[in-house]
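K.L.:
Supplied structure: entry-v7.pdb, PDB, C-alpha atoms and all ligand atoms.
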ATOM      1  CA  MET U1005      14.361  15.908 -56.941  1.00  0.00           C
ATOM      2  CA  ALA U1006      15.512  15.776 -60.566  1.00  0.00           C
ATOM      3  CA  ASN U1007      13.428  14.652 -63.490  1.00  0.00           C
ATOM      4  CA  SER U1008      14.427  11.548 -65.415  1.00  0.00           C
ATOM      5  CA  ILE U1009      17.163  12.211 -67.947  1.00  0.00           C
ATOM      6  CA  LEU U1010      15.798   9.358 -70.055  1.00  0.00           C
ATOM      7  CA  GLN U1011      12.061   9.959 -70.170  1.00  0.00           C
ATOM      8  CA  ASP U1012       9.524  12.702 -70.606  1.00  0.00           C
ATOM      9  CA  GLU U1013       6.436  10.525 -70.757  1.00  0.00           C
ATOM     10  CA  LYS U1014       5.080   8.742 -67.728  1.00  0.00           C
ATOM     11  CA  GLN U1015       5.040   5.244 -69.176  1.00  0.00           C
ATOM     12  CA  CYS U1016       7.062   2.058 -68.890  1.00  0.00           C
ATOM     13  CA  TYR U1017      10.500   2.562 -70.429  1.00  0.00           C
ATOM     14  CA  PHE U1018      10.465  -0.899 -71.990  1.00  0.00           C
ATOM     15  CA  CYS U1019       6.884  -1.734 -72.971  1.00  0.00           C
ATOM     16  CA  GLU U1020       5.217   1.706 -72.808  1.00  0.00           C
ATOM     17  CA  SER U1021       2.508   0.442 -70.493  1.00  0.00           C
ATOM     18  CA  GLN U1022       0.846   3.128 -68.385  1.00  0.00           C
ATOM     19  CA  GLN U1023      -0.480   0.659 -65.813  1.00  0.00           C
ATOM     20  CA  ASN U1024       1.049  -0.091 -62.399  1.00  0.00           C
ATOM     21  CA  LEU U1025       4.038   2.160 -62.863  1.00  0.00           C
ATOM     22  CA  HIS U1026       6.917   2.157 -60.415  1.00  0.00           C
ATOM     23  CA  CYS U1027       9.756   4.658 -60.247  1.00  0.00           C
ATOM     24  CA  HIS U1028      12.981   2.695 -60.736  1.00  0.00           C
ATOM     25  CA  HIS U1029      16.347   4.105 -59.683  1.00  0.00           C
ATOM     26  CA  ILE U1030      18.784   2.902 -62.330  1.00  0.00           C
ATOM     27  CA  PHE U1031      21.736   2.775 -59.956  1.00  0.00           C
ATOM     28  CA  PHE U1032      20.161   1.384 -56.837  1.00  0.00           C
ATOM     29  CA  GLY U1033      21.521   0.269 -53.489  1.00  0.00           C
ATOM     30  CA  ALA U1034      24.362   2.540 -52.418  1.00  0.00           C
ATOM     31  CA  ASN U1035      23.908   4.773 -55.473  1.00  0.00           C
ATOM     32  CA  ARG U1036      20.172   5.331 -55.086  1.00  0.00           C
ATOM     33  CA  LYS U1037      20.590   8.897 -53.811  1.00  0.00           C
ATOM     34  CA  ILE U1038      22.946   9.730 -56.682  1.00  0.00           C
ATOM     35  CA  SER U1039      20.308   8.386 -59.073  1.00  0.00           C
ATOM     36  CA  GLU U1040      17.724  10.623 -57.445  1.00  0.00           C
ATOM     37  CA  GLN U1041      19.929  13.711 -57.671  1.00  0.00           C
ATOM     38  CA  ASN U1042      20.920  13.146 -61.292  1.00  0.00           C
ATOM     39  CA  GLY U1043      17.673  11.901 -62.746  1.00  0.00           C
ATOM     40  CA  PHE U1044      18.940   8.368 -63.281  1.00  0.00           C
ATOM     41  CA  LYS U1045      15.455   6.931 -62.989  1.00  0.00           C
ATOM     42  CA  VAL U1046      12.687   5.671 -65.198  1.00  0.00           C
ATOM     43  CA  TRP U1047       9.099   4.556 -64.975  1.00  0.00           C
ATOM     44  CA  LEU U1048       8.666   0.806 -65.231  1.00  0.00           C
ATOM     45  CA  CYS U1049       5.523  -1.301 -65.126  1.00  0.00           C
ATOM     46  CA  MET U1050       5.331  -3.960 -62.444  1.00  0.00           C
ATOM     47  CA  ASP U1051       6.425  -6.758 -64.826  1.00  0.00           C
ATOM     48  CA  CYS U1052       9.387  -4.872 -66.296  1.00  0.00           C
ATOM     49  CA  HIS U1053      10.379  -3.816 -62.779  1.00  0.00           C
ATOM     50  CA  GLU U1054       9.899  -6.779 -60.471  1.00  0.00           C
ATOM     51  CA  GLY U1055       8.763  -9.630 -62.721  1.00  0.00           C
ATOM     52  CA  THR U1056      11.022 -12.585 -63.574  1.00  0.00           C
ATOM     53  CA  ASN U1057      12.235 -10.689 -66.648  1.00  0.00           C
ATOM     54  CA  GLY U1058      12.141  -7.312 -64.912  1.00  0.00           C
ATOM     55  CA  VAL U1059      15.223  -5.301 -63.975  1.00  0.00           C
ATOM     56  CA  HIS U1060      15.246  -6.726 -60.452  1.00  0.00           C
ATOM     57  CA  GLY U1061      14.202 -10.218 -61.581  1.00  0.00           C
ATOM     58  CA  LYS U1062      16.449 -13.212 -62.025  1.00  0.00           C
ATOM     59  CA  ASN U1063      16.331 -12.934 -65.833  1.00  0.00           C
ATOM     60  CA  GLY U1064      16.462  -9.162 -65.929  1.00  0.00           C
ATOM     61  CA  HIS U1065      20.183  -8.562 -66.060  1.00  0.00           C
ATOM     62  CA  GLU U1066      20.149  -7.408 -69.696  1.00  0.00           C
ATOM     63  CA  LYS U1067      17.435  -4.835 -68.976  1.00  0.00           C
ATOM     64  CA  ASP U1068      19.401  -3.615 -65.976  1.00  0.00           C
ATOM     65  CA  ILE U1069      22.561  -3.139 -68.043  1.00  0.00           C
ATOM     66  CA  GLU U1070      20.613  -1.555 -70.908  1.00  0.00           C
ATOM     67  CA  LEU U1071      19.258   1.089 -68.531  1.00  0.00           C
ATOM     68  CA  LYS U1072      22.657   1.725 -66.990  1.00  0.00           C
ATOM     69  CA  GLN U1073      24.230   2.205 -70.409  1.00  0.00           C
ATOM     70  CA  ALA U1074      21.382   4.465 -71.531  1.00  0.00           C
ATOM     71  CA  ALA U1075      21.712   6.568 -68.369  1.00  0.00           C
ATOM     72  CA  GLN U1076      25.457   6.964 -68.820  1.00  0.00           C
ATOM     73  CA  THR U1077      25.007   7.871 -72.493  1.00  0.00           C
ATOM     74  CA  ALA U1078      22.393  10.498 -71.608  1.00  0.00           C
ATOM     75  CA  TYR U1079      24.626  11.867 -68.840  1.00  0.00           C
ATOM     76  CA  GLU U1080      27.579  12.202 -71.190  1.00  0.00           C
ATOM     77  CA  ASP U1081      25.343  13.738 -73.874  1.00  0.00           C
ATOM     78  CA  LEU U1082      24.612  16.494 -71.346  1.00  0.00           C
ATOM     79  CA  GLY U1083      28.291  17.463 -71.515  1.00  0.00           C
ATOM     80  CA  HIS U1084      29.863  15.303 -68.825  1.00  0.00           C
ATOM     81  CA  THR U1085      32.892  13.109 -69.363  1.00  0.00           C
ATOM     82  CA  THR U1086      33.197   9.368 -68.822  1.00  0.00           C
ATOM     83  CA  GLU U1087      35.576  10.143 -65.975  1.00  0.00           C
ATOM     84  CA  GLN U1088      32.960  12.315 -64.275  1.00  0.00           C
ATOM     85  CA  PHE U1089      30.480   9.473 -64.579  1.00  0.00           C
ATOM     86  CA  ARG U1090      32.992   7.033 -63.155  1.00  0.00           C
ATOM     87  CA  GLN U1091      33.577   9.296 -60.164  1.00  0.00           C
ATOM     88  CA  LEU U1092      29.858   9.497 -59.561  1.00  0.00           C
ATOM     89  CA  ILE U1093      28.896   5.835 -59.939  1.00  0.00           C
ATOM     90  CA  GLY U1094      32.190   4.040 -59.418  1.00  0.00           C
ATOM     91  CA  LYS U1095      32.514   2.473 -62.871  1.00  0.00           C
ATOM     92  CA  SER U1096      31.803   3.018 -66.545  1.00  0.00           C
ATOM     93  CA  TYR U1097      29.214   0.858 -68.326  1.00  0.00           C
ATOM     94  CA  LEU U1098      30.184   1.906 -71.848  1.00  0.00           C
TER
HETATM   95 ZN    ZN U1101       6.800  -2.651 -68.901  1.00  0.00          ZN
HETATM   96 ZN    ZN U1102      13.760  -0.609 -59.143  1.00  0.00          ZN
END
Transcribe the structure of this file into structure tokens.
P.N.:
Amino acid sequence: MANSILQDEKQCYFCESQQNLHCHHIFFGANRKISEQNGFKVWLCMDCHEGTNGVHGKNGHEKDIELKQAAQTAYEDLGHTTEQFRQLIGKSYL
């Protein structure tokens, strides 16, 4: 189980709350396991995770994309290429 490549602190990625934290896999569904293996995950508070404006909420699309772009950027900063990311996740977000 890899640590998050985006966070050191255990707090909400968006609002820094330390209450009601959930572990969110940035590429979920079919790519959840890949997220687990590569540390594509962040802590989110309940609102930023499952609220209306949360990543899984109906108005949360921008947050979702922001996390996906941040994860890809961090992955490439570790020395991987965009092509390697594309092979892993299926598409590039940058
Ligand atoms: Zn939050
Ligand atoms: Zn989630």
K.L.:
Using all atoms listed in the file, find each residue in chain U having at least one atom no more than 10 Å away from ligand ZN 1102 (chain U); report its shortest atom-to-atom pair and that distance in Å (one decimal), rows by chain then rising number, as a Markdown table.
P.N.:
| residue | atom | partner | partner_atom | distance |
| --- | --- | --- | --- | --- |
| U:His1026 | CA | U:ZN1102 | ZN | 7.5 |
| U:Cys1027 | CA | U:ZN1102 | ZN | 6.7 |
| U:His1028 | CA | U:ZN1102 | ZN | 3.7 |
| U:His1029 | CA | U:ZN1102 | ZN | 5.4 |
| U:Ile1030 | CA | U:ZN1102 | ZN | 6.9 |
| U:Phe1031 | CA | U:ZN1102 | ZN | 8.7 |
| U:Phe1032 | CA | U:ZN1102 | ZN | 7.1 |
| U:Gly1033 | CA | U:ZN1102 | ZN | 9.6 |
| U:Arg1036 | CA | U:ZN1102 | ZN | 9.6 |
| U:Lys1045 | CA | U:ZN1102 | ZN | 8.6 |
| U:Val1046 | CA | U:ZN1102 | ZN | 8.8 |
| U:Trp1047 | CA | U:ZN1102 | ZN | 9.1 |
| U:Leu1048 | CA | U:ZN1102 | ZN | 8.1 |
| U:Met1050 | CA | U:ZN1102 | ZN | 9.7 |
| U:Cys1052 | CA | U:ZN1102 | ZN | 9.4 |
| U:His1053 | CA | U:ZN1102 | ZN | 5.9 |
| U:Glu1054 | CA | U:ZN1102 | ZN | 7.4 |
| U:Gly1058 | CA | U:ZN1102 | ZN | 9.0 |
| U:Val1059 | CA | U:ZN1102 | ZN | 6.9 |
| U:His1060 | CA | U:ZN1102 | ZN | 6.4 |
| U:Gly1061 | CA | U:ZN1102 | ZN | 9.9 |
| U:Asp1068 | CA | U:ZN1102 | ZN | 9.4 |
K.L.:
Using the chain letters and numbers from this file, what does the PyMOL selection byres (((not hetatm)) within 6 of (chain U and resi 1101)) select? Give the answer as a ChimeraX atom specification.
P.N.:
/U:1016,1018-1019,1021,1048-1049,1051-1052
K.L.:
Would you write out, as a ChimeraX atom specification, every residue that the PyMOL selection byres (((chain U and resi 1086) around 10) and not hetatm) captures in this file?
P.N.:
/U:1076-1077,1079-1080,1083-1085,1087-1092,1095-1098
K.L.:
For atom CA of Thr1056 of chain U and atom CA of Gln1015 of chain U, determine how far apart the two atoms are, in Å to one decimal place.
P.N.:
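Atom-to-atom, atom CA of Thr1056 of chain U to atom CA of Gln1015 of chain U, that is 19.6 Å.
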K.L.:
One decimal, in Å: what's the spacing between atom CA of Gln1041 of chain U and atom CA of Asn1063 of chain U?
P.N.:
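Separation between atom CA of Gln1041 of chain U and atom CA of Asn1063 of chain U: 28.1 Å.
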K.L.:
Just give me the gap between atom CA of Asn1035 of chain U and atom CA of Gly1094 of chain U in Å, one decimal is fine.
P.N.:
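Taking atom CA of Asn1035 of chain U as the start and atom CA of Gly1094 of chain U as the end point, the length is 9.2 Å.
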K.L.:
Neighbours of Lys1014 of chain U within 9 Å (all atoms listed in the file; same-chain residues fewer than 3 positions away dropped), as a list in words?
P.N.:
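Surrounding residues, per the criterion: Gln1011, Tyr1017, Glu1020, Gln1022, Leu1025, Val1046 and Trp1047 of chain U.
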K.L.:
For the file shown, report as a VMD selection string the outcome of the PyMOL selection byres (((chain U and resi 1043) around 6) and not hetatm) at residue level.
P.N.:
chain U and resid 1006 to 1009 1039 to 1042 1044 to 1045
